[in-house]
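What follows is a set of notes on a single structure, which appears directly below.
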Amino acid sequence: MTSGPEFGDFGKKNIKVGIMDKDRSTLSKELKNYLEDELSVEVLASKNYYYLSNQLIDREISAIIE
């Protein structure tokens, strides 16, 4: 497979996801840390689902994790 302009910058773009942490558990905190520290994912934390869904529709984030 060749690396053309459509694939050349794929690995360089940071992925941004929205997270809704409803329980504030240790597991939730560790997931957020793993995404940020190990995978270099930019995390947008919010309690407002409508805000995150609008961010998703506007392509500001790639996914919502609840």
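Chain identifiers are assigned as A, B, and so on, following the order in which chains appear in the structure tokens; residues are numbered from 1 within each chain, and ligands are numbered from 1 in order of appearance.
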
Polymer residues at most 12 Å from Lys22 in chain A, only C-alpha atoms, same-chain spacing of 3 or more positions, as a list in words: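 The residues satisfying every condition are Ile19, Ser25, Thr26, Leu27, Ser28, Lys29, Ala45, Ser46, Lys47, Asn48, Tyr49, Ile65 and Glu66 of chain A.
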
message: Report as number ranges by chain all protein, DNA and RNA residues lying within 10 Å of Ser40 in chain A, evaluated on only C-alpha atoms, omitting residues in the same chain fewer than 3 positions from it.
response: A: 14-16, 33-37, 43

- request: Name the residues in contact with Leu44 in chain A at a cut-off of 9 Å, using only C-alpha atoms, excluding same-chain residues fewer than 4 positions from it; report them as number ranges by chain.
  value: A: 16-20, 52, 61

Could you save the residues just selected, with C-alpha atoms, as a CSV table (one decimal), in the first residue's frame?
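Wrote again_8.csv, looks like this:
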chain,number,residue,atom,x,y,z
A,16,LYS,CA,-10.7,14.0,20.2
A,17,VAL,CA,-13.5,12.3,22.1
A,18,GLY,CA,-16.2,13.4,24.5
A,19,ILE,CA,-16.6,11.7,27.9
A,20,MET,CA,-19.6,11.8,30.2
A,52,LEU,CA,-21.4,16.6,23.4
A,61,ILE,CA,-15.2,15.2,18.5

- request: Quick one: pull the distance between CA of Arg59 in chain A and CA of Glu30 in chain A, Å, one decimal.
  value: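 About the pair CA of Arg59 in chain A and CA of Glu30 in chain A: they are 25.5 Å apart.
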
Two-atom distance - CA of Val41 in chain A, CA of Lys13 in chain A (Å):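 It comes out at 9.8 Å.
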
Quick one: DSSP strand (DSSP E) residues in chain A, as an mmCIF file with C-alpha atoms, in the first residue's frame?
data_model
loop_
_atom_site.group_PDB
_atom_site.id
_atom_site.type_symbol
_atom_site.label_atom_id
_atom_site.label_comp_id
_atom_site.auth_asym_id
_atom_site.auth_seq_id
_atom_site.Cartn_x
_atom_site.Cartn_y
_atom_site.Cartn_z
ATOM 1 C CA LYS A 16 -10.749 14.040 20.233
ATOM 2 C CA VAL A 17 -13.544 12.281 22.141
ATOM 3 C CA GLY A 18 -16.224 13.439 24.534
ATOM 4 C CA ILE A 19 -16.635 11.696 27.866
ATOM 5 C CA GLU A 42 -7.767 14.570 23.515
ATOM 6 C CA VAL A 43 -10.642 14.224 25.994
ATOM 7 C CA LEU A 44 -13.505 16.688 26.307
ATOM 8 C CA ALA A 45 -15.310 15.999 29.599
ATOM 9 C CA ALA A 63 -17.096 9.831 19.607
ATOM 10 C CA ILE A 64 -18.998 10.109 22.870
ATOM 11 C CA ILE A 65 -18.070 7.693 25.661
#
